[in-house]
$ cat structure_29.tsv   # TSV, C-alpha atoms
chain	number	residue	atom	x	y	z
A	1	MET	CA	96.74	101.19	106.84
A	2	SER	CA	98.12	103.85	104.52
A	3	GLY	CA	98.22	107.57	103.96
A	4	ALA	CA	97.51	107.21	100.23
A	5	PRO	CA	94.35	108.94	98.95
A	6	ASP	CA	91.13	106.93	98.90
A	7	GLY	CA	91.04	104.59	95.93
A	8	VAL	CA	94.82	104.55	95.57
A	9	VAL	CA	96.62	101.38	96.62
A	10	GLU	CA	100.30	100.74	97.21
A	11	LEU	CA	102.27	97.78	95.92
A	12	LEU	CA	105.36	97.58	98.11
A	13	VAL	CA	108.22	95.46	96.76
A	14	CYS	CA	111.18	94.42	98.88
A	15	VAL	CA	114.15	95.27	96.66
A	16	LYS	CA	116.73	93.74	99.00
A	17	CYS	CA	115.56	90.16	98.54
A	18	ARG	CA	118.18	87.63	97.45
A	19	GLN	CA	115.92	84.61	97.98
A	20	GLY	CA	118.44	83.14	100.36
A	21	GLU	CA	121.32	83.32	97.88
A	22	PRO	CA	124.66	84.78	98.99
A	23	ALA	CA	125.26	88.43	98.16
A	24	GLU	CA	127.66	89.19	95.33
A	25	PRO	CA	129.39	92.50	94.66
A	26	GLU	CA	127.29	94.85	92.55
A	27	GLU	CA	124.65	92.18	92.28
A	28	VAL	CA	121.19	93.19	91.12
A	29	THR	CA	119.07	91.46	93.75
A	30	ARG	CA	116.15	89.27	92.77
A	31	GLY	CA	113.89	91.72	94.59
A	32	ALA	CA	115.26	94.58	92.49
A	33	ARG	CA	114.63	92.49	89.37
A	34	LEU	CA	111.03	91.92	90.42
A	35	HIS	CA	110.64	95.65	91.05
A	36	GLY	CA	112.18	96.38	87.66
A	37	ALA	CA	109.82	93.99	85.89
A	38	LEU	CA	106.87	95.73	87.53
A	39	ALA	CA	108.22	99.20	86.76
A	40	GLU	CA	108.49	98.27	83.08
A	41	ARG	CA	104.81	97.39	82.94
A	42	ASN	CA	102.08	99.96	82.73
A	43	LEU	CA	100.46	99.18	86.04
A	44	PRO	CA	96.78	100.11	86.14
A	45	GLU	CA	95.79	103.56	87.36
A	46	ASN	CA	95.92	104.23	91.10
A	47	ILE	CA	98.38	101.44	91.85
A	48	ARG	CA	101.55	102.95	93.28
A	49	LEU	CA	104.68	100.83	92.94
A	50	ILE	CA	107.00	101.48	95.89
A	51	PRO	CA	110.44	99.90	96.47
A	52	VAL	CA	111.06	99.18	100.15
A	53	GLU	CA	113.71	97.72	102.42
A	54	CYS	CA	113.54	94.19	103.84
A	55	LEU	CA	110.05	93.01	104.75
A	56	SER	CA	111.52	90.24	106.93
A	57	ASN	CA	110.02	87.40	104.93
A	58	CYS	CA	113.44	86.33	103.71
A	59	THR	CA	112.86	82.56	103.78
A	60	ARG	CA	109.87	82.92	101.48
A	61	GLY	CA	110.88	85.86	99.25
A	62	CYS	CA	110.65	87.72	97.03
A	63	THR	CA	107.95	89.58	98.90
A	64	VAL	CA	105.35	92.24	98.17
A	65	ALA	CA	102.62	93.94	100.20
A	66	LEU	CA	99.38	95.48	98.98
A	67	ARG	CA	97.78	98.14	101.15
A	68	GLY	CA	95.52	101.15	101.01
A	69	PRO	CA	93.29	103.34	103.18
A	70	GLY	CA	90.50	101.37	104.86
A	71	ARG	CA	91.73	98.08	103.35
A	72	TRP	CA	93.20	94.88	104.65
A	73	THR	CA	96.95	94.72	103.98
A	74	TYR	CA	98.07	91.52	102.23
A	75	VAL	CA	101.63	90.19	102.04
A	76	TYR	CA	102.58	87.67	99.34
A	77	GLY	CA	105.79	85.69	98.99
A	78	ASN	CA	107.70	83.18	96.84
A	79	LEU	CA	107.78	85.63	93.95
A	80	ASP	CA	110.26	86.35	91.20
A	81	ALA	CA	110.39	88.66	88.18
A	82	SER	CA	108.30	86.24	86.12
A	83	HIS	CA	105.34	86.95	88.41
A	84	ALA	CA	105.02	90.60	87.34
A	85	PRO	CA	101.88	89.91	85.21
A	86	VAL	CA	100.23	87.96	88.04
A	87	LEU	CA	101.05	90.73	90.48
A	88	ALA	CA	99.57	93.34	88.15
A	89	GLU	CA	96.38	91.26	87.87
A	90	GLY	CA	96.15	90.70	91.62
A	91	ALA	CA	96.85	94.37	92.40
A	92	LEU	CA	94.05	95.42	90.03
A	93	LYS	CA	91.54	93.16	91.78
A	94	TYR	CA	92.74	94.44	95.13
A	95	ARG	CA	92.34	98.04	93.97
A	96	ASP	CA	88.77	97.34	92.87
A	97	ALA	CA	87.76	95.75	96.21
A	98	PRO	CA	87.02	98.71	98.51
A	99	ASP	CA	88.10	96.81	101.64
A	100	GLY	CA	90.88	94.88	99.88
A	101	LEU	CA	89.05	91.56	100.36
A	102	VAL	CA	89.02	89.90	96.93
A	103	PRO	CA	86.81	86.77	96.87
A	104	TRP	CA	88.96	83.64	97.17
A	105	ARG	CA	88.07	82.20	93.78
A	106	GLU	CA	88.90	85.47	92.03
A	107	ARG	CA	92.41	85.69	93.42
A	108	PRO	CA	95.31	84.64	91.21
A	109	GLU	CA	96.42	81.11	92.08
A	110	HIS	CA	99.80	82.37	93.27
A	111	PHE	CA	98.04	84.67	95.74
A	112	ARG	CA	95.88	81.82	97.03
A	113	LYS	CA	98.90	79.63	97.69
A	114	ASN	CA	101.43	82.19	98.86
A	115	CYS	CA	99.71	84.58	101.23
A	116	ILE	CA	102.18	85.19	104.04
A	117	VAL	CA	99.94	87.29	106.26
A	118	ARG	CA	97.12	89.82	106.20
A	119	ILE	CA	96.43	92.68	108.60
A	120	PRO	CA	93.06	94.34	109.10
A	121	PRO	CA	92.41	98.03	108.51
A	122	LEU	CA	91.91	100.09	111.61
A	123	GLU	CA	88.19	100.07	110.92
A	124	GLY	CA	88.18	96.29	110.95
A	125	ALA	CA	90.25	95.93	114.07
A	126	GLN	CA	88.17	97.97	116.46
B	1	MET	CA	99.65	102.15	109.61
B	2	SER	CA	97.00	102.86	112.24
B	3	GLY	CA	94.46	105.43	113.29
B	4	ALA	CA	95.42	105.15	116.96
B	5	PRO	CA	96.61	108.39	118.58
B	6	ASP	CA	100.34	109.13	118.55
B	7	GLY	CA	102.17	107.12	121.17
B	8	VAL	CA	99.44	104.48	121.34
B	9	VAL	CA	100.21	101.10	119.82
B	10	GLU	CA	97.92	98.22	118.96
B	11	LEU	CA	98.55	94.57	119.77
B	12	LEU	CA	96.32	92.60	117.41
B	13	VAL	CA	95.72	88.96	118.34
B	14	CYS	CA	94.16	86.45	115.96
B	15	VAL	CA	91.52	84.79	118.14
B	16	LYS	CA	90.55	82.22	115.48
B	17	CYS	CA	93.87	80.35	115.54
B	18	ARG	CA	93.72	76.62	116.18
B	19	GLN	CA	97.41	76.04	115.37
B	20	GLY	CA	96.40	73.57	112.71
B	21	GLU	CA	94.31	71.41	115.05
B	22	PRO	CA	90.81	70.36	113.99
B	23	ALA	CA	87.95	72.50	115.27
B	24	GLU	CA	85.83	71.04	118.05
B	25	PRO	CA	82.34	72.17	119.02
B	26	GLU	CA	82.38	75.03	121.51
B	27	GLU	CA	86.14	74.86	121.59
B	28	VAL	CA	88.06	77.79	123.02
B	29	THR	CA	90.64	78.32	120.31
B	30	ARG	CA	94.32	78.60	121.12
B	31	GLY	CA	94.21	82.13	119.74
B	32	ALA	CA	91.39	82.99	122.13
B	33	ARG	CA	93.43	81.52	124.99
B	34	LEU	CA	96.39	83.69	124.05
B	35	HIS	CA	94.13	86.74	123.91
B	36	GLY	CA	92.65	85.79	127.29
B	37	ALA	CA	96.09	85.44	128.86
B	38	LEU	CA	97.01	88.91	127.59
B	39	ALA	CA	93.69	90.40	128.72
B	40	GLU	CA	94.30	89.08	132.24
B	41	ARG	CA	97.60	90.92	132.46
B	42	ASN	CA	97.87	94.61	133.14
B	43	LEU	CA	99.43	95.56	129.83
B	44	PRO	CA	101.49	98.75	130.04
B	45	GLU	CA	99.81	102.08	129.31
B	46	ASN	CA	99.08	102.95	125.68
B	47	ILE	CA	99.12	99.36	124.46
B	48	ARG	CA	95.70	98.47	123.07
B	49	LEU	CA	94.87	94.77	122.98
B	50	ILE	CA	92.57	94.04	120.03
B	51	PRO	CA	91.11	90.64	119.09
B	52	VAL	CA	90.96	90.14	115.30
B	53	GLU	CA	89.88	87.58	112.73
B	54	CYS	CA	92.33	85.32	110.91
B	55	LEU	CA	95.65	86.96	110.03
B	56	SER	CA	96.36	84.22	107.45
B	57	ASN	CA	99.48	82.94	109.14
B	58	CYS	CA	97.76	79.68	110.05
B	59	THR	CA	100.73	77.35	109.55
B	60	ARG	CA	102.81	79.36	112.00
B	61	GLY	CA	100.19	80.53	114.53
B	62	CYS	CA	99.20	81.74	116.97
B	63	THR	CA	99.82	85.15	115.50
B	64	VAL	CA	99.95	88.75	116.68
B	65	ALA	CA	100.70	92.10	115.03
B	66	LEU	CA	102.11	95.26	116.59
B	67	ARG	CA	101.36	98.54	114.86
B	68	GLY	CA	100.96	102.25	115.49
B	69	PRO	CA	101.01	105.62	113.72
B	70	GLY	CA	104.30	106.28	111.94
B	71	ARG	CA	105.70	102.89	112.97
B	72	TRP	CA	106.75	99.73	111.21
B	73	THR	CA	104.14	96.99	111.67
B	74	TYR	CA	105.57	93.69	112.94
B	75	VAL	CA	103.88	90.29	112.78
B	76	TYR	CA	105.02	87.48	115.09
B	77	GLY	CA	104.04	83.82	115.05
B	78	ASN	CA	104.45	80.44	116.74
B	79	LEU	CA	102.87	81.80	119.92
B	80	ASP	CA	100.69	80.28	122.63
B	81	ALA	CA	99.19	81.49	125.88
B	82	SER	CA	102.47	80.89	127.73
B	83	HIS	CA	104.04	83.70	125.69
B	84	ALA	CA	101.86	86.43	127.23
B	85	PRO	CA	104.72	87.78	129.42
B	86	VAL	CA	107.12	87.86	126.45
B	87	LEU	CA	104.51	89.61	124.33
B	88	ALA	CA	103.94	92.21	127.05
B	89	GLU	CA	107.70	92.83	127.23
B	90	GLY	CA	108.05	93.06	123.45
B	91	ALA	CA	105.02	95.34	123.11
B	92	LEU	CA	106.46	97.71	125.72
B	93	LYS	CA	109.76	97.99	123.84
B	94	TYR	CA	107.84	98.52	120.61
B	95	ARG	CA	105.75	101.26	122.23
B	96	ASP	CA	108.89	103.02	123.42
B	97	ALA	CA	110.54	102.98	119.96
B	98	PRO	CA	108.97	105.91	118.08
B	99	ASP	CA	109.33	104.20	114.69
B	100	GLY	CA	108.68	100.69	116.05
B	101	LEU	CA	112.25	99.60	115.27
B	102	VAL	CA	113.57	97.99	118.44
B	103	PRO	CA	117.31	97.23	118.24
B	104	TRP	CA	117.85	93.54	117.43
B	105	ARG	CA	119.63	92.66	120.66
B	106	GLU	CA	116.91	94.25	122.76
B	107	ARG	CA	114.11	92.20	121.22
B	108	PRO	CA	112.81	89.19	123.14
B	109	GLU	CA	114.34	85.99	121.78
B	110	HIS	CA	110.95	84.77	120.57
B	111	PHE	CA	110.57	87.94	118.51
B	112	ARG	CA	114.03	87.51	116.99
B	113	LYS	CA	113.27	83.95	115.90
B	114	ASN	CA	109.61	84.23	114.93
B	115	CYS	CA	109.13	87.43	112.97
B	116	ILE	CA	106.76	86.57	110.14
B	117	VAL	CA	106.88	89.88	108.32
B	118	ARG	CA	107.23	93.60	108.84
B	119	ILE	CA	105.67	96.45	106.86
B	120	PRO	CA	107.00	100.00	106.73
B	121	PRO	CA	105.00	103.02	107.82
B	122	LEU	CA	103.82	105.25	105.03
B	123	GLU	CA	106.59	107.69	105.90
B	124	GLY	CA	109.16	104.94	105.37
B	125	ALA	CA	107.70	103.68	102.15
B	126	GLN	CA	107.71	106.83	100.12
$ encode --input "structure_29.tsv" --output "structure tokens"
Amino acid sequence: MSGAPDGVVELLVCVKCRQGEPAEPEEVTRGARLHGALAERNLPENIRLIPVECLSNCTRGCTVALRGPGRWTYVYGNLDASHAPVLAEGALKYRDAPDGLVPWRERPEHFRKNCIVRIPPLEGAQ
Amino acid sequence: MSGAPDGVVELLVCVKCRQGEPAEPEEVTRGARLHGALAERNLPENIRLIPVECLSNCTRGCTVALRGPGRWTYVYGNLDASHAPVLAEGALKYRDAPDGLVPWRERPEHFRKNCIVRIPPLEGAQ
């Protein structure tokens, strides 16, 4: 699901998200704030933070996706900048699960309640 | 986003979906019915139909994903077996868009109203 090297995972953050609020001139979007809060943290090794355009989950944003080679891709929603520590924790567990499948009970509560969708790796789909 | 050859796209169908209905013994799930309706059609060339496990979009199923090398991945929901023709039409347009981005007005109405999420190709994310 990704061209990143083995063992490296990507944390995609939609930086366009306004969580349904109207756009204002020169506004820093809520998605950009979430990305900023993550960028300020020292994310664990081999977790690449990547700002992306709209992930089309606008009604349940802010939105992130976790993906990596040979792993299930997971999309999570209903996030804001305050979730940066939870996202860092969840991304670490995802990184350490070779197929991206973190046991249910080990997932952060926000991940358990706000999974938007998951997509299998090529290896899982065929 | 996929290991399929260039020009080949994958249409993943969650065959576990019960659209929130209780499971019954030996039931053919609604997801399996949708997959069956697609399998009975002659899908256009280079569109691979692939049954998959739960895509975790259970509240808005049935669910499919379209993906291919170098393309945006799109997930659509609120589907049933009657949508097989629409899915075939949408998959064809997706196949013919090298990056998977079909112009808004050209997308089937169901796709416009029921996009669950989209995920950029690696090339778009970095």
$ closest_residue --input "structure_29.tsv" --among "B:Ala84, B:Ala4, B:Leu55, B:Leu12" --to "Gly68 in chain B" --atoms "only C-alpha atoms"
B:Ala4
$ closest_residue --input "structure_29.tsv" --among "B:Cys54, B:Asp96, B:Ala91, B:Trp72" --to "Phe111 in chain B" --atoms "only C-alpha atoms"
B:Ala91
$ interface_residues --input "structure_29.tsv" --of "chain A" --to "chain B" --cutoff "12 Å" --atoms "only C-alpha atoms" --output "PyMOL selection string"
chain A and resi 1-5+9-15+48-61+63-77+111-126
$ closest_residue --input "structure_29.tsv" --among "A:Cys17, A:Gly31, A:Asn42, A:Pro108" --to "Lys93 in chain A" --atoms "only C-alpha atoms"
A:Pro108
$ closest_residue --input "structure_29.tsv" --among "A:Ala81, A:Leu92, A:Val102, A:Ala97" --to "Glu45 in chain A" --atoms "all atoms listed in the file"
A:Leu92
$ atom_distance --input "structure_29.tsv" --atom1 "CA of Ala88 in chain B" --atom2 "CA of Arg41 in chain B"
8.4 Å
$ closest_residue --input "structure_29.tsv" --among "A:Pro44, A:Gly100, A:Val8, A:Arg18" --to "Arg30 in chain A" --atoms "only C-alpha atoms"
A:Arg18
$ closest_residue --input "structure_29.tsv" --among "A:Cys62, A:Leu43, A:Ala37, A:Ala32" --to "Gly20 in chain A" --atoms "only C-alpha atoms"
A:Cys62
$ atom_distance --input "structure_29.tsv" --atom1 "CA of His83 in chain B" --atom2 "CA of Glu21 in chain B"
18.9 Å
$ atom_distance --input "structure_29.tsv" --atom1 "CA of Leu38 in chain B" --atom2 "CA of Arg107 in chain B"
18.5 Å
$ axis_aligned_box --input "structure_29.tsv" --around "range 32-38 of chain B" --padding-each-side "4 Å" --output "AutoDock Vina command-line options"
--center_x 94.2 --center_y 85.2 --center_z 125.5 --size_x 13.6 --size_y 15.4 --size_z 14.7
